[in-house]
>>> print(open('work_10.pdb').read())   # PDB, C-alpha atoms, pLDDT in the B column
ATOM      1  CA  GLN Z   1      17.884  37.397  15.110  1.00 48.00           C
ATOM      2  CA  ALA Z   2      16.280  34.875  12.784  1.00 48.00           C
ATOM      3  CA  TRP Z   3      12.666  35.396  13.858  1.00 56.00           C
ATOM      4  CA  ASN Z   4      10.503  38.499  13.763  1.00 62.00           C
ATOM      5  CA  THR Z   5       9.374  38.582  17.355  1.00 62.00           C
ATOM      6  CA  THR Z   6       8.244  42.182  17.274  1.00 68.00           C
ATOM      7  CA  ASP Z   7       5.722  42.480  20.078  1.00 67.00           C
ATOM      8  CA  SER Z   8       3.135  44.199  17.884  1.00 70.00           C
ATOM      9  CA  TYR Z   9       2.878  41.038  15.744  1.00 76.00           C
ATOM     10  CA  MET Z  10       2.817  38.543  18.599  1.00 83.00           C
ATOM     11  CA  ASN Z  11      -0.095  37.210  20.654  1.00 88.00           C
ATOM     12  CA  LYS Z  12      -0.155  39.291  23.850  1.00 90.00           C
ATOM     13  CA  ASN Z  13      -1.346  36.452  26.087  1.00 92.00           C
ATOM     14  CA  CYS Z  14       1.411  34.174  24.854  1.00 92.00           C
ATOM     15  CA  LEU Z  15       4.019  36.912  25.321  1.00 90.00           C
ATOM     16  CA  GLY Z  16       2.787  37.422  28.866  1.00 92.00           C
ATOM     17  CA  GLN Z  17       3.253  33.729  29.583  1.00 93.00           C
ATOM     18  CA  TYR Z  18       6.734  33.336  28.083  1.00 92.00           C
ATOM     19  CA  GLY Z  19       8.243  36.770  28.655  1.00 87.00           C
ATOM     20  CA  GLU Z  20      10.960  38.600  26.765  1.00 84.00           C
ATOM     21  CA  ASP Z  21      13.605  35.869  26.992  1.00 88.00           C
ATOM     22  CA  LYS Z  22      11.407  33.138  25.542  1.00 90.00           C
ATOM     23  CA  LYS Z  23       8.961  35.029  23.351  1.00 87.00           C
ATOM     24  CA  TRP Z  24      10.225  33.027  20.372  1.00 87.00           C
ATOM     25  CA  MET Z  25       8.262  30.100  21.851  1.00 89.00           C
ATOM     26  CA  CYS Z  26       5.108  31.918  20.706  1.00 89.00           C
ATOM     27  CA  LEU Z  27       6.123  31.172  17.103  1.00 86.00           C
ATOM     28  CA  HIS Z  28       5.557  27.437  17.596  1.00 84.00           C
ATOM     29  CA  GLY Z  29       2.133  26.407  16.344  1.00 84.00           C
ATOM     30  CA  SER Z  30       1.412  23.901  19.111  1.00 84.00           C
ATOM     31  CA  ILE Z  31       2.110  26.616  21.695  1.00 90.00           C
ATOM     32  CA  LEU Z  32       0.518  29.574  19.929  1.00 89.00           C
ATOM     33  CA  THR Z  33      -2.759  27.714  19.320  1.00 91.00           C
ATOM     34  CA  GLN Z  34      -3.291  27.562  23.083  1.00 91.00           C
ATOM     35  CA  TYR Z  35      -3.812  31.335  23.030  1.00 92.00           C
ATOM     36  CA  ILE Z  36      -6.000  31.578  19.914  1.00 89.00           C
ATOM     37  CA  GLU Z  37      -9.711  31.524  20.755  1.00 83.00           C
ATOM     38  CA  THR Z  38     -11.029  31.520  17.190  1.00 83.00           C
ATOM     39  CA  PRO Z  39     -11.324  27.908  16.017  1.00 86.00           C
ATOM     40  CA  LEU Z  40      -8.576  26.982  13.571  1.00 90.00           C
ATOM     41  CA  PHE Z  41      -8.431  24.236  10.989  1.00 92.00           C
ATOM     42  CA  ILE Z  42      -4.893  22.912  10.726  1.00 91.00           C
ATOM     43  CA  ALA Z  43      -4.134  21.189   7.432  1.00 88.00           C
ATOM     44  CA  ASN Z  44      -0.785  19.602   6.721  1.00 86.00           C
ATOM     45  CA  SER Z  45       0.980  16.571   5.399  1.00 84.00           C
ATOM     46  CA  LYS Z  46       2.912  14.531   7.922  1.00 85.00           C
ATOM     47  CA  TYR Z  47       5.525  14.368   5.155  1.00 81.00           C
ATOM     48  CA  ASP Z  48       5.592  17.954   3.925  1.00 80.00           C
ATOM     49  CA  VAL Z  49       7.963  17.924   0.959  1.00 77.00           C
ATOM     50  CA  TRP Z  50       9.006  21.544   1.501  1.00 78.00           C
ATOM     51  CA  GLN Z  51       9.997  20.771   5.092  1.00 76.00           C
ATOM     52  CA  GLU Z  52      11.904  17.720   3.850  1.00 74.00           C
ATOM     53  CA  ARG Z  53      14.304  19.990   1.967  1.00 74.00           C
ATOM     54  CA  GLY Z  54      13.863  23.446   3.485  1.00 75.00           C
ATOM     55  CA  ILE Z  55      13.907  22.612   7.192  1.00 73.00           C
ATOM     56  CA  LEU Z  56      15.181  19.071   7.644  1.00 72.00           C
ATOM     57  CA  SER Z  57      17.817  19.373   4.879  1.00 74.00           C
ATOM     58  CA  LEU Z  58      17.103  15.866   3.631  1.00 73.00           C
ATOM     59  CA  ASN Z  59      18.141  15.154   0.074  1.00 72.00           C
ATOM     60  CA  PRO Z  60      15.162  13.808  -1.902  1.00 69.00           C
ATOM     61  CA  GLY Z  61      17.639  12.156  -4.266  1.00 73.00           C
ATOM     62  CA  ASP Z  62      18.959  10.004  -1.401  1.00 74.00           C
ATOM     63  CA  CYS Z  63      15.525   8.898  -0.340  1.00 73.00           C
ATOM     64  CA  PRO Z  64      13.004   9.347  -3.161  1.00 71.00           C
ATOM     65  CA  GLY Z  65       9.442   8.828  -2.066  1.00 72.00           C
ATOM     66  CA  SER Z  66       6.618   7.610  -4.240  1.00 76.00           C
ATOM     67  CA  ILE Z  67       2.949   6.726  -4.292  1.00 78.00           C
ATOM     68  CA  ASP Z  68       2.089   3.529  -6.123  1.00 79.00           C
ATOM     69  CA  THR Z  69      -1.011   3.020  -8.269  1.00 80.00           C
ATOM     70  CA  ASN Z  70      -2.954   1.720  -5.253  1.00 78.00           C
ATOM     71  CA  GLY Z  71      -2.177   4.885  -3.266  1.00 77.00           C
ATOM     72  CA  ASN Z  72       0.368   3.277  -0.931  1.00 79.00           C
ATOM     73  CA  VAL Z  73       2.986   5.773   0.249  1.00 80.00           C
ATOM     74  CA  HIS Z  74       6.625   4.686   0.098  1.00 78.00           C
ATOM     75  CA  LEU Z  75       8.751   7.339   1.787  1.00 78.00           C
ATOM     76  CA  CYS Z  76      12.049   5.815   0.759  1.00 76.00           C
ATOM     77  CA  ASN Z  77      12.556   3.586  -2.262  1.00 71.00           C
ATOM     78  CA  ASN Z  78      16.301   3.316  -1.830  1.00 70.00           C
ATOM     79  CA  SER Z  79      18.090   0.657   0.204  1.00 77.00           C
ATOM     80  CA  THR Z  80      21.371   2.453   0.928  1.00 80.00           C
ATOM     81  CA  PRO Z  81      22.138   2.895   4.641  1.00 84.00           C
ATOM     82  CA  ARG Z  82      21.930   6.693   4.329  1.00 80.00           C
ATOM     83  CA  ALA Z  83      18.567   6.497   2.566  1.00 79.00           C
ATOM     84  CA  GLN Z  84      17.177   4.095   5.136  1.00 80.00           C
ATOM     85  CA  ALA Z  85      18.299   6.405   7.969  1.00 82.00           C
ATOM     86  CA  GLU Z  86      16.689   9.401   6.249  1.00 81.00           C
ATOM     87  CA  GLY Z  87      13.494   7.412   5.670  1.00 81.00           C
ATOM     88  CA  LYS Z  88      13.312   6.482   9.364  1.00 84.00           C
ATOM     89  CA  PHE Z  89      13.965  10.087  10.377  1.00 83.00           C
ATOM     90  CA  TRP Z  90      11.233  11.261   7.988  1.00 81.00           C
ATOM     91  CA  ARG Z  91       8.680   8.760   9.379  1.00 84.00           C
ATOM     92  CA  ASP Z  92       9.587   9.699  12.966  1.00 89.00           C
ATOM     93  CA  TYR Z  93       9.237  13.396  12.084  1.00 85.00           C
ATOM     94  CA  GLY Z  94       5.711  12.773  10.794  1.00 86.00           C
ATOM     95  CA  GLU Z  95       4.761  10.971  13.990  1.00 89.00           C
ATOM     96  CA  GLU Z  96       6.233  13.790  16.111  1.00 89.00           C
ATOM     97  CA  MET Z  97       4.027  16.230  14.199  1.00 87.00           C
ATOM     98  CA  VAL Z  98       0.997  14.128  15.124  1.00 90.00           C
ATOM     99  CA  ASP Z  99       2.169  13.979  18.743  1.00 91.00           C
ATOM    100  CA  ALA Z 100       2.502  17.787  18.830  1.00 89.00           C
ATOM    101  CA  LEU Z 101      -1.156  18.006  17.829  1.00 90.00           C
ATOM    102  CA  SER Z 102      -2.061  16.612  21.268  1.00 89.00           C
ATOM    103  CA  GLU Z 103      -0.888  19.943  22.739  1.00 88.00           C
ATOM    104  CA  VAL Z 104      -3.304  21.870  20.513  1.00 91.00           C
ATOM    105  CA  PRO Z 105      -6.616  22.693  22.243  1.00 91.00           C
ATOM    106  CA  ASP Z 106      -9.636  20.605  21.255  1.00 90.00           C
ATOM    107  CA  ARG Z 107     -11.414  23.621  19.756  1.00 88.00           C
ATOM    108  CA  HIS Z 108      -9.034  23.492  16.775  1.00 91.00           C
ATOM    109  CA  GLY Z 109      -9.694  20.937  14.027  1.00 92.00           C
ATOM    110  CA  ALA Z 110      -7.059  19.199  11.926  1.00 92.00           C
ATOM    111  CA  PHE Z 111      -6.474  17.188   8.784  1.00 90.00           C
ATOM    112  CA  PHE Z 112      -3.098  15.447   8.526  1.00 88.00           C
ATOM    113  CA  THR Z 113      -2.510  13.303   5.478  1.00 84.00           C
ATOM    114  CA  SER Z 114       0.241  10.795   4.753  1.00 82.00           C
ATOM    115  CA  CYS Z 115       0.482  12.086   1.189  1.00 80.00           C
ATOM    116  CA  PRO Z 116       3.949  13.575   0.618  1.00 79.00           C
ATOM    117  CA  LEU Z 117       3.055  17.090  -0.572  1.00 78.00           C
ATOM    118  CA  HIS Z 118       3.076  20.766   0.404  1.00 76.00           C
ATOM    119  CA  CYS Z 119       0.367  23.439   0.579  1.00 74.00           C
ATOM    120  CA  MET Z 120      -2.754  21.444   1.470  1.00 70.00           C
ATOM    121  CA  THR Z 121      -5.154  24.277   0.718  1.00 68.00           C
ATOM    122  CA  SER Z 122      -4.587  24.644  -3.009  1.00 68.00           C
ATOM    123  CA  ARG Z 123      -7.699  23.964  -5.057  1.00 67.00           C
ATOM    124  CA  GLN Z 124      -6.097  21.024  -6.854  1.00 64.00           C
ATOM    125  CA  LEU Z 125      -5.566  19.229  -3.527  1.00 68.00           C
ATOM    126  CA  TRP Z 126      -9.146  19.711  -2.304  1.00 71.00           C
ATOM    127  CA  ASN Z 127      -9.828  16.026  -3.025  1.00 69.00           C
ATOM    128  CA  VAL Z 128      -6.749  14.537  -1.332  1.00 67.00           C
ATOM    129  CA  SER Z 129      -7.605  11.644   0.967  1.00 65.00           C
ATOM    130  CA  ALA Z 130      -6.137  11.257   4.416  1.00 61.00           C
ATOM    131  CA  GLY Z 131      -6.644   7.545   4.059  1.00 58.00           C
ATOM    132  CA  LEU Z 132      -9.466   7.613   6.584  1.00 61.00           C
ATOM    133  CA  GLY Z 133     -12.082   5.773   4.649  1.00 61.00           C
ATOM    134  CA  ASP Z 134     -13.084   8.007   1.788  1.00 66.00           C
ATOM    135  CA  LYS Z 135     -12.869  11.338   3.693  1.00 77.00           C
ATOM    136  CA  ARG Z 136     -11.294  13.973   1.482  1.00 81.00           C
ATOM    137  CA  PHE Z 137      -9.689  17.221   2.596  1.00 84.00           C
ATOM    138  CA  GLY Z 138     -12.492  19.383   1.175  1.00 85.00           C
ATOM    139  CA  GLU Z 139     -15.194  17.306   2.860  1.00 87.00           C
ATOM    140  CA  ALA Z 140     -13.341  17.378   6.172  1.00 88.00           C
ATOM    141  CA  PHE Z 141     -12.911  21.153   6.020  1.00 90.00           C
ATOM    142  CA  MET Z 142     -16.577  21.748   5.200  1.00 91.00           C
ATOM    143  CA  GLN Z 143     -17.698  19.446   8.038  1.00 91.00           C
ATOM    144  CA  TRP Z 144     -15.440  21.291  10.488  1.00 92.00           C
ATOM    145  CA  PHE Z 145     -16.602  24.697   9.194  1.00 92.00           C
ATOM    146  CA  TYR Z 146     -20.316  23.981   9.540  1.00 92.00           C
ATOM    147  CA  ASP Z 147     -19.833  22.249  12.901  1.00 89.00           C
ATOM    148  CA  ALA Z 148     -17.968  25.334  14.152  1.00 86.00           C
ATOM    149  CA  ILE Z 149     -20.725  27.697  12.992  1.00 86.00           C
ATOM    150  CA  GLU Z 150     -23.372  25.523  14.616  1.00 88.00           C
ATOM    151  CA  GLU Z 151     -21.435  25.423  17.901  1.00 84.00           C
ATOM    152  CA  MET Z 152     -20.917  29.219  17.903  1.00 82.00           C
ATOM    153  CA  GLU Z 153     -24.624  29.785  17.269  1.00 85.00           C
ATOM    154  CA  ARG Z 154     -25.558  27.329  20.006  1.00 85.00           C
ATOM    155  CA  THR Z 155     -23.174  28.503  22.743  1.00 84.00           C
ATOM    156  CA  GLY Z 156     -21.921  31.911  21.628  1.00 77.00           C
ATOM    157  CA  LYS Z 157     -18.465  32.412  20.207  1.00 68.00           C
ATOM    158  CA  ASP Z 158     -16.951  33.128  23.623  1.00 67.00           C
ATOM    159  CA  ASN Z 159     -18.300  29.943  25.206  1.00 65.00           C
ATOM    160  CA  MET Z 160     -17.156  27.324  22.736  1.00 65.00           C
ATOM    161  CA  LYS Z 161     -16.162  24.174  24.595  1.00 76.00           C
ATOM    162  CA  TRP Z 162     -16.561  21.802  21.686  1.00 81.00           C
ATOM    163  CA  LYS Z 163     -14.146  19.141  20.551  1.00 88.00           C
ATOM    164  CA  ALA Z 164     -13.436  19.919  16.916  1.00 90.00           C
ATOM    165  CA  PRO Z 165     -13.128  16.985  14.514  1.00 90.00           C
ATOM    166  CA  ARG Z 166      -9.666  15.823  13.522  1.00 90.00           C
ATOM    167  CA  TRP Z 167      -8.635  13.515  10.702  1.00 87.00           C
ATOM    168  CA  ILE Z 168      -5.169  12.047  11.157  1.00 88.00           C
ATOM    169  CA  ALA Z 169      -3.785   9.548   8.673  1.00 83.00           C
ATOM    170  CA  ASP Z 170      -2.212   6.430  10.082  1.00 78.00           C
ATOM    171  CA  LYS Z 171       1.252   5.462   8.867  1.00 66.00           C
ATOM    172  CA  TYR Z 172      -0.296   2.702   6.784  1.00 61.00           C
ATOM    173  CA  ASP Z 173      -2.986   4.843   5.196  1.00 66.00           C
ATOM    174  CA  ILE Z 174      -3.138   5.400   1.507  1.00 71.00           C
ATOM    175  CA  CYS Z 175      -2.921   8.606  -0.469  1.00 75.00           C
ATOM    176  CA  LEU Z 176      -5.545   9.104  -3.155  1.00 67.00           C
ATOM    177  CA  LYS Z 177      -6.153  12.086  -5.417  1.00 61.00           C
ATOM    178  CA  ASN Z 178      -8.996  12.536  -7.902  1.00 57.00           C
TER     179      ASN Z 178
END
>>> encode(input="work_10.pdb", output="structure tokens")
Amino acid sequence: QAWNTTDSYMNKNCLGQYGEDKKWMCLHGSILTQYIETPLFIANSKYDVWQERGILSLNPGDCPGSIDTNGNVHLCNNSTPRAQAEGKFWRDYGEEMVDALSEVPDRHGAFFTSCPLHCMTSRQLWNVSAGLGDKRFGEAFMQWFYDAIEEMERTGKDNMKWKAPRWIADKYDICLKN
């Protein structure tokens, strides 16, 4: 079995919903978040470079991505048929990730950038832009954090019905780092 679905590590409410035969479903973020009451802040790149190789098995040499000096993201700078197919798959994968976010309850915030990178929370990436005006990852996180505290103080942590802020880069957004 590829996944550690030991019941002691799994969300009990999710396990109750999916049962023994489908408890692996509780490993999917868009499903699991439905059972997590504590507000989460989901930070990811739509084009996570680790997923490109480690999960999707795309060869970065076939379809090298780049960011030009103006911050424009080019997912595939190669015109071979294979590279173009991989580039399309990669773009579609990013959009599917955004679509999956619609299944995540409103109480959870998010920051999805178009910047091709991995590990959004490292200190050096605190100033990455999602391309939404000049909103940077660090600013977005701090806004979400203080909004969440204010909402918990106002309504009590068990009564939170707020719609957490989400920053989602459009496919034409730029990627800036400072």
>>> residues_near_point(input="work_10.pdb", point="(-5.8, 9.9, 11.4)", cutoff="7 Å", atoms="all atoms listed in the file", output="list of chain:residue names")
Z:Phe112, Z:Leu132, Z:Trp167, Z:Ile168, Z:Ala169, Z:Asp170
>>> residues_around(input="work_10.pdb", residues="stretch 59-75 of chain Z", least_positions_apart="6", cutoff="7 Å", atoms="all atoms listed in the file", output="number ranges by chain")
Z: 53, 83, 86-87, 115, 174-176
>>> atom_distance(input="work_10.pdb", atom1="atom CA of Z:Pro116", atom2="atom CA of Z:Gln34")
27.4 Å
>>> residues_around(input="work_10.pdb", residues="Z:Trp144", least_positions_apart="5", cutoff="12 Å", atoms="only C-alpha atoms", output="VMD selection string")
chain Z and resid 39 to 43 107 to 111 137 to 139 149 to 151 162 to 167
>>> closest_residue(input="work_10.pdb", among="Z:Ser45, Z:Thr38, Z:Asn78, Z:Thr155", to="Z:Glu95", atoms="all atoms listed in the file")
Z:Ser45
>>> atom_distance(input="work_10.pdb", atom1="atom CA of Z:Ser57", atom2="atom CA of Z:Cys119")
18.4 Å
>>> atom_distance(input="work_10.pdb", atom1="atom CA of Z:Ala100", atom2="atom CA of Z:Ile55")
17.0 Å
